[in-house]
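This is model_9.cif (mmCIF, C-alpha atoms).
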data_structure
loop_
_atom_site.label_atom_id
_atom_site.label_comp_id
_atom_site.auth_asym_id
_atom_site.auth_seq_id
_atom_site.Cartn_x
_atom_site.Cartn_y
_atom_site.Cartn_z
CA MET C 1 143.23 -42.47 115.18
CA THR C 2 139.67 -42.12 116.38
CA ALA C 3 137.51 -44.96 117.59
CA PHE C 4 135.36 -44.56 114.48
CA GLN C 5 138.40 -44.91 112.20
CA ARG C 6 139.54 -47.99 114.10
CA THR C 7 136.08 -49.49 113.67
CA ILE C 8 136.12 -48.82 109.92
CA ILE C 9 139.59 -50.33 109.55
CA GLY C 10 138.59 -53.41 111.60
CA PHE C 11 135.48 -53.88 109.49
CA ILE C 12 137.55 -53.67 106.29
CA ILE C 13 139.99 -56.28 107.64
CA ILE C 14 137.16 -58.66 108.51
CA ILE C 15 135.64 -58.25 105.05
CA GLY C 16 139.05 -58.91 103.53
CA ILE C 17 139.55 -62.10 105.54
CA MET C 18 136.08 -63.38 104.62
CA TRP C 19 136.69 -62.65 100.95
CA PHE C 20 140.06 -64.44 101.08
CA PHE C 21 138.63 -67.64 102.55
CA THR C 22 135.53 -67.56 100.35
CA LYS C 23 137.59 -67.22 97.20
CA HIS C 24 140.03 -69.95 98.10
CA THR C 25 137.34 -72.29 99.44
CA SER C 26 135.37 -72.04 96.21
CA ASP C 27 138.42 -73.27 94.30
CA MET C 28 138.74 -76.42 96.43
CA GLN C 29 137.14 -79.73 95.40
CA ILE C 30 137.44 -83.41 96.28
CA VAL C 31 138.91 -85.47 93.46
CA TYR C 32 137.83 -89.14 93.48
CA PRO C 33 139.67 -92.00 91.73
CA ASP C 34 138.58 -93.00 88.23
CA ASN C 35 138.39 -96.73 88.95
CA CYS C 36 136.48 -98.96 91.35
CA VAL C 37 137.52 -102.28 92.87
CA TYR C 38 135.20 -104.70 94.64
CA VAL C 39 135.02 -107.32 97.36
CA VAL C 40 131.59 -108.92 96.97
CA ASP C 41 130.20 -111.35 99.53
CA HIS C 42 130.85 -114.95 98.44
CA VAL C 43 127.26 -115.98 99.17
CA PHE C 44 126.05 -114.02 96.13
CA SER C 45 125.74 -115.89 92.84
CA PRO C 46 128.28 -114.95 90.13
CA GLU C 47 125.47 -113.39 88.07
CA ILE C 48 124.35 -111.08 90.88
CA SER C 49 127.94 -110.14 91.69
CA LEU C 50 128.51 -109.07 88.08
CA GLN C 51 125.24 -107.12 88.04
CA ILE C 52 126.18 -105.23 91.20
CA LYS C 53 129.62 -104.34 89.84
CA ALA C 54 128.24 -103.23 86.47
CA PHE C 55 125.57 -101.09 88.17
CA ILE C 56 128.11 -99.30 90.37
CA ASP C 57 130.56 -98.78 87.47
CA LYS C 58 127.87 -97.20 85.33
CA ALA C 59 126.47 -95.01 88.12
CA TYR C 60 129.94 -93.91 89.24
CA LYS C 61 130.92 -92.81 85.74
CA LYS C 62 127.85 -90.58 85.61
CA SER C 63 128.51 -88.99 88.98
CA LYS C 64 131.65 -89.49 91.05
CA ASN C 65 129.82 -89.03 94.32
CA PRO C 66 130.17 -92.16 96.50
CA SER C 67 127.63 -91.03 99.07
CA GLY C 68 125.03 -90.56 96.35
CA LEU C 69 125.60 -94.12 95.13
CA LEU C 70 124.47 -95.83 98.31
CA PRO C 71 120.70 -95.18 98.07
CA ALA C 72 120.73 -96.17 94.40
CA ILE C 73 122.51 -99.47 95.07
CA GLU C 74 120.30 -100.38 98.02
CA GLY C 75 117.18 -99.50 96.05
CA HIS C 76 118.19 -101.60 93.03
CA PHE C 77 119.61 -104.52 95.04
CA PRO C 78 117.56 -105.06 98.23
CA CYS C 79 119.60 -108.22 98.83
CA VAL C 80 122.60 -106.02 99.73
CA LYS C 81 122.81 -105.65 103.49
CA SER C 82 125.69 -103.19 103.76
CA ILE C 83 128.27 -101.33 101.67
CA ILE C 84 131.61 -100.05 102.92
CA ILE C 85 133.46 -97.54 100.73
CA ASP C 86 137.20 -97.13 101.32
CA MET C 87 138.78 -94.01 99.79
CA HIS C 88 142.30 -94.44 101.16
CA ASN C 89 143.67 -95.74 97.86
CA PRO C 90 144.18 -92.80 95.45
CA ASP C 91 144.10 -95.13 92.44
CA ALA C 92 140.72 -96.79 93.03
CA LEU C 93 137.57 -96.56 95.12
CA HIS C 94 137.22 -99.76 97.16
CA PHE C 95 133.70 -101.25 97.67
CA THR C 96 133.01 -104.03 100.18
CA ILE C 97 129.50 -105.41 99.64
CA GLN C 98 127.83 -107.69 102.19
CA ALA C 99 124.75 -109.91 101.77
CA TYR C 100 122.10 -110.96 104.26
CA HIS C 101 123.10 -114.30 105.78
CA PRO C 102 120.92 -117.15 104.38
CA MET C 103 119.25 -119.49 106.89
CA PHE C 104 116.99 -121.95 105.00
CA MET C 105 114.93 -122.38 101.83
CA ILE C 106 111.20 -122.57 101.19
CA ASN C 107 110.07 -124.95 98.42
CA ASP C 108 113.52 -124.71 96.82
CA GLU C 109 112.43 -121.29 95.47
CA HIS C 110 113.01 -118.77 98.24
CA VAL C 111 115.84 -118.20 100.69
CA VAL C 112 114.98 -116.87 104.14
CA CYS C 113 117.76 -114.78 105.68
CA HIS C 114 118.41 -113.12 108.99
CA GLU C 115 116.26 -110.09 109.87
CA GLY C 116 113.26 -111.73 108.17
CA LYS C 117 114.47 -111.02 104.64
CA MET C 118 113.46 -113.39 101.84
CA PHE C 119 114.94 -113.53 98.33
CA SER C 120 114.90 -115.76 95.27
CA THR C 121 117.35 -118.65 95.20
CA SER C 122 118.87 -117.06 92.08
CA ILE C 123 120.47 -114.43 94.33
CA PHE C 124 122.77 -116.94 96.01
CA ALA C 125 125.68 -119.11 94.91
CA GLN C 126 124.92 -122.77 94.31
CA ASP C 127 127.47 -123.94 96.87
CA GLN C 128 125.62 -121.88 99.48
CA LEU C 129 122.21 -123.28 98.51
CA THR C 130 123.39 -126.87 98.92
CA LYS C 131 124.19 -126.11 102.58
CA LEU C 132 120.64 -124.93 103.33
CA GLU C 133 117.74 -127.04 104.57
CA ASN C 134 114.55 -126.84 102.55
CA ILE C 135 111.07 -126.56 104.11
CA GLN C 136 108.13 -127.76 102.04
CA PHE C 137 105.40 -125.18 102.56
CA ASN C 138 101.78 -125.69 101.44
CA GLU C 139 100.48 -122.17 102.07
CA VAL C 140 100.96 -118.81 100.39
CA VAL C 141 104.22 -117.34 101.68
CA THR C 142 103.54 -114.09 103.55
CA PRO C 143 105.74 -112.04 105.92
CA LYS C 144 103.81 -113.54 108.85
CA HIS C 145 104.53 -117.04 107.59
CA VAL C 146 108.20 -116.21 107.16
CA GLN C 147 108.31 -115.01 110.75
CA ARG C 148 106.68 -118.22 112.01
CA LEU C 149 108.89 -120.44 109.89
CA THR C 150 111.99 -118.65 111.14
CA GLU C 151 110.93 -118.96 114.77
CA PHE C 152 110.18 -122.64 114.28
CA PHE C 153 113.43 -123.26 112.40
CA VAL C 154 115.71 -121.71 115.03
CA SER C 155 113.86 -123.43 117.89
CA LEU C 156 114.55 -126.96 116.62
CA PRO C 157 117.38 -128.96 118.23
CA SER C 158 120.76 -128.19 116.66
CA LEU C 159 121.22 -131.70 115.23
CA PHE C 160 117.62 -132.09 114.11
CA PHE C 161 118.14 -131.47 110.38
CA GLN C 162 120.76 -134.18 110.16
CA ASP C 163 117.98 -136.77 110.33
CA PHE C 164 114.70 -134.99 109.52
CA SER C 165 113.13 -132.80 106.85
CA VAL C 166 110.14 -130.46 107.31
CA ARG C 167 106.74 -130.41 105.58
CA TRP C 168 104.56 -127.51 106.75
CA VAL C 169 100.89 -128.23 105.94
CA ASP C 170 99.69 -125.51 108.32
CA LYS C 171 100.72 -124.22 111.72
CA HIS C 172 98.82 -127.03 113.43
CA ALA C 173 100.15 -129.83 111.21
CA ILE C 174 103.90 -129.81 110.66
CA TRP C 175 105.38 -133.10 109.47
CA LEU C 176 108.96 -133.92 110.34
CA ASP C 177 110.01 -136.83 108.12
CA GLN C 178 112.99 -139.00 108.87
CA LYS C 179 115.51 -138.86 106.03
CA GLN C 180 115.94 -142.22 104.34
CA ASP C 181 119.60 -141.74 103.43
CA LYS C 182 120.70 -141.87 107.07
CA GLY C 183 120.68 -145.65 107.37
CA PHE C 184 117.54 -146.09 109.49
CA SER C 185 115.81 -149.43 109.02
CA PHE C 186 112.28 -147.99 109.38
CA ASP C 187 110.14 -145.04 108.33
CA LEU C 188 109.18 -142.48 110.95
CA SER C 189 107.52 -139.08 110.90
CA LEU C 190 106.89 -136.73 113.80
CA LEU C 191 103.73 -134.64 113.77
CA VAL C 192 103.88 -131.35 115.66
CA GLY C 193 102.37 -127.86 115.70
CA PHE C 194 103.88 -124.40 115.54
CA ASP C 195 103.88 -124.19 119.33
CA VAL C 196 104.96 -127.83 119.85
CA ILE C 197 108.72 -128.04 119.41
CA PRO C 198 110.15 -131.58 119.59
CA THR C 199 113.03 -132.12 121.96
CA GLU C 200 115.89 -134.59 121.58
CA GLN C 201 114.16 -136.71 124.23
CA ASP C 202 110.95 -136.71 122.15
CA ILE C 203 112.90 -138.01 119.17
CA MET C 204 114.50 -140.75 121.24
CA ASP C 205 111.11 -141.79 122.69
CA CYS C 206 109.50 -141.89 119.25
CA ARG C 207 112.29 -143.99 117.79
CA LYS C 208 112.04 -146.38 120.71
CA LEU C 209 108.28 -146.76 120.21
CA ARG C 210 108.71 -147.23 116.47
CA GLY C 211 111.35 -149.88 117.01
CA GLN C 212 108.88 -151.90 119.10
CA ILE C 213 106.40 -152.10 116.22
CA VAL C 214 106.60 -155.14 113.98
CA ASP C 215 105.69 -154.28 110.41
CA LYS C 216 103.22 -156.56 108.73
CA PRO C 217 102.94 -156.91 104.95
CA CYS C 218 100.48 -154.29 103.74
CA LYS C 219 97.59 -155.64 101.65
CA ASP C 220 94.50 -153.99 100.22
CA LYS C 221 90.94 -155.27 100.46
CA ARG C 222 91.61 -157.74 97.62
CA GLY C 223 94.63 -159.13 99.38
CA LYS C 224 97.12 -157.52 97.02
CA PRO C 225 100.19 -155.61 98.21
CA CYS C 226 99.49 -151.96 98.97
CA LYS C 227 100.64 -149.48 96.34
CA GLY C 228 101.32 -146.70 98.81
CA ASN C 229 104.24 -146.77 101.23
CA ILE C 230 103.22 -147.00 104.87
CA THR C 231 104.99 -144.86 107.44
CA TRP C 232 104.54 -144.65 111.18
CA VAL C 233 103.74 -141.29 112.72
CA CYS C 234 104.56 -140.11 116.20
CA ASP C 235 102.05 -137.39 117.08
CA LEU C 236 103.45 -135.06 119.72
CA ARG C 237 100.63 -132.53 119.77
CA PHE C 238 98.99 -133.89 122.91
CA ASN C 239 99.90 -132.98 126.47
CA GLU C 240 102.13 -135.55 128.18
CA GLN C 241 101.34 -138.35 125.75
CA ILE C 242 102.56 -139.67 122.43
CA VAL C 243 100.11 -141.07 119.89
CA VAL C 244 101.53 -143.47 117.30
CA PHE C 245 99.65 -144.41 114.13
CA SER C 246 100.37 -145.50 110.56
CA THR C 247 99.45 -143.73 107.32
CA ASN C 248 100.37 -143.61 103.68
CA LYS C 249 103.70 -141.85 103.30
CA GLY C 250 103.34 -138.24 102.28
CA VAL C 251 99.82 -137.80 103.65
#
Before we go any further, please render this structure as structure tokens.
Amino acid sequence: MTAFQRTIIGFIIIIGIMWFFTKHTSDMQIVYPDNCVYVVDHVFSPEISLQIKAFIDKAYKKSKNPSGLLPAIEGHFPCVKSIIIDMHNPDALHFTIQAYHPMFMINDEHVVCHEGKMFSTSIFAQDQLTKLENIQFNEVVTPKHVQRLTEFFVSLPSLFFQDFSVRWVDKHAIWLDQKQDKGFSFDLSLLVGFDVIPTEQDIMDCRKLRGQIVDKPCKDKRGKPCKGNITWVCDLRFNEQIVVFSTNKGV
């Protein structure tokens, strides 16, 4: 057999092998389960959980392509942080859906989460909302404001929210009001700025100063009792000094 004949025969064998694998490869396909099962993050409200499940069920019936589902789910539900698809069970496709972790609320309308995400309170379960502190905010909520609020929130002492609530008038006037259901015998508010974070020592000093003040009956110019409630304010916005003054509560 000549070299030319050996070359022709080798070429024919190669073509045959390629044809064999091409033909058999074209007949192969991945078969996905017909059903889907879900583990949805418990922080989601029941309504949102049902919506997510219904969306995936409908999309999966149209096209059994799990990888193609991910962009559609994330685009329709921006509150979904991550999705894990487990295909080990031949009877059902297993979806694990995680939410962004909620940190605090703004005006009882918005929930600020980790990574600077903000969503409506309707996204989250009621038992999760009751655990969150609410910040009263007097400005239009923008991404920059969310960033500042988050930085301020995480910088406060760990036990701060047990005794105080937050009213954000602007970044230079943030009122920290003592909660009245904690058994304190007097009103007290701290006044700080965005870059003035109260320490536990500041709180102790302010309470000590407030305790030294004897409240006098409030009367107006006509000698009648004042209609507005008076509260004492501990202004911490000055360097190395604390200014204490009284004002109508809520001002």
Using only C-alpha atoms, which protein or nucleic acid residues come within 9 Å of region 155-163 of chain C? Drop anything in the same chain fewer than 3 positions from it, and give the result as a compact mmCIF listing (two decimals) with C-alpha atoms, keeping the file's coordinate frame.
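File produced: around.txt:
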# COMPACT_ATOMS: atom_id res chain seq x y z
CA GLU C 133 117.74 -127.04 104.57
CA THR C 150 111.99 -118.65 111.14
CA GLU C 151 110.93 -118.96 114.77
CA PHE C 152 110.18 -122.64 114.28
CA VAL C 166 110.14 -130.46 107.31
CA ASP C 177 110.01 -136.83 108.12
CA GLN C 178 112.99 -139.00 108.87
CA LYS C 179 115.51 -138.86 106.03
CA GLN C 180 115.94 -142.22 104.34
CA ASP C 181 119.60 -141.74 103.43
CA LYS C 182 120.70 -141.87 107.07
CA ILE C 197 108.72 -128.04 119.41
CA PRO C 198 110.15 -131.58 119.59
CA THR C 199 113.03 -132.12 121.96
CA GLU C 200 115.89 -134.59 121.58
Shell of 8 Å around region 93-102 of chain C, only C-alpha atoms, local chain residues under 3 positions omitted, as a ChimeraX atom specification: /C:32-41,43-44,79-90,111-114,117,132
Radius query 6 Å about (112.3, -113.0, 109.0), atoms used: all atoms listed in the file, as a list of chain:residue names: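 With a cut-off of 6 Å, the residues come to C:Glu115, C:Gly116, C:Lys117, C:Val146, C:Gln147.
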What would the file look like if the residues just selected were written as a PDB file, in the coordinates of the input with C-alpha atoms?
ATOM      1  CA  GLU C 115     116.260-110.090 109.870  1.00  0.00           C
ATOM      2  CA  GLY C 116     113.260-111.730 108.170  1.00  0.00           C
ATOM      3  CA  LYS C 117     114.470-111.020 104.640  1.00  0.00           C
ATOM      4  CA  VAL C 146     108.200-116.210 107.160  1.00  0.00           C
ATOM      5  CA  GLN C 147     108.310-115.010 110.750  1.00  0.00           C
TER       6      GLN C 147
END
Within 9 Å of file point (101.8, -123.1, 115.1), counting all atoms listed in the file, expressed as a ChimeraX atom specification: /C:148,152,170-174,192-196
Residue among C:Val154, C:Asp187, C:Asn134, C:Tyr60 lying closest to Ala92 (chain C), counting all atoms listed in the file: C:Tyr60
Please enumerate the residues selected by the PyMOL selection byres ((chain C and resi 247) around 6) when evaluated against the supplied file, formatted as a tab-separated table (two decimals) with C-alpha atoms, in the frame of the given file.
chain	number	residue	atom	x	y	z
C	230	ILE	CA	103.22	-147.00	104.87
C	231	THR	CA	104.99	-144.86	107.44
C	246	SER	CA	100.37	-145.50	110.56
C	248	ASN	CA	100.37	-143.61	103.68
Who sits within 9 Å of Ile242 (chain C), only C-alpha atoms, same chain under 3 positions skipped, as a PyMOL selection string: chain C and resi 202+205-206+234-239
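Taking CA of Thr142 (chain C) and CA of Ile52 (chain C) as endpoints, the distance between them is 27.3 Å.
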Pairwise distance for CA of Phe104 (chain C) and CA of Leu70 (chain C), rounded to one decimal in Å: 28.0 Å
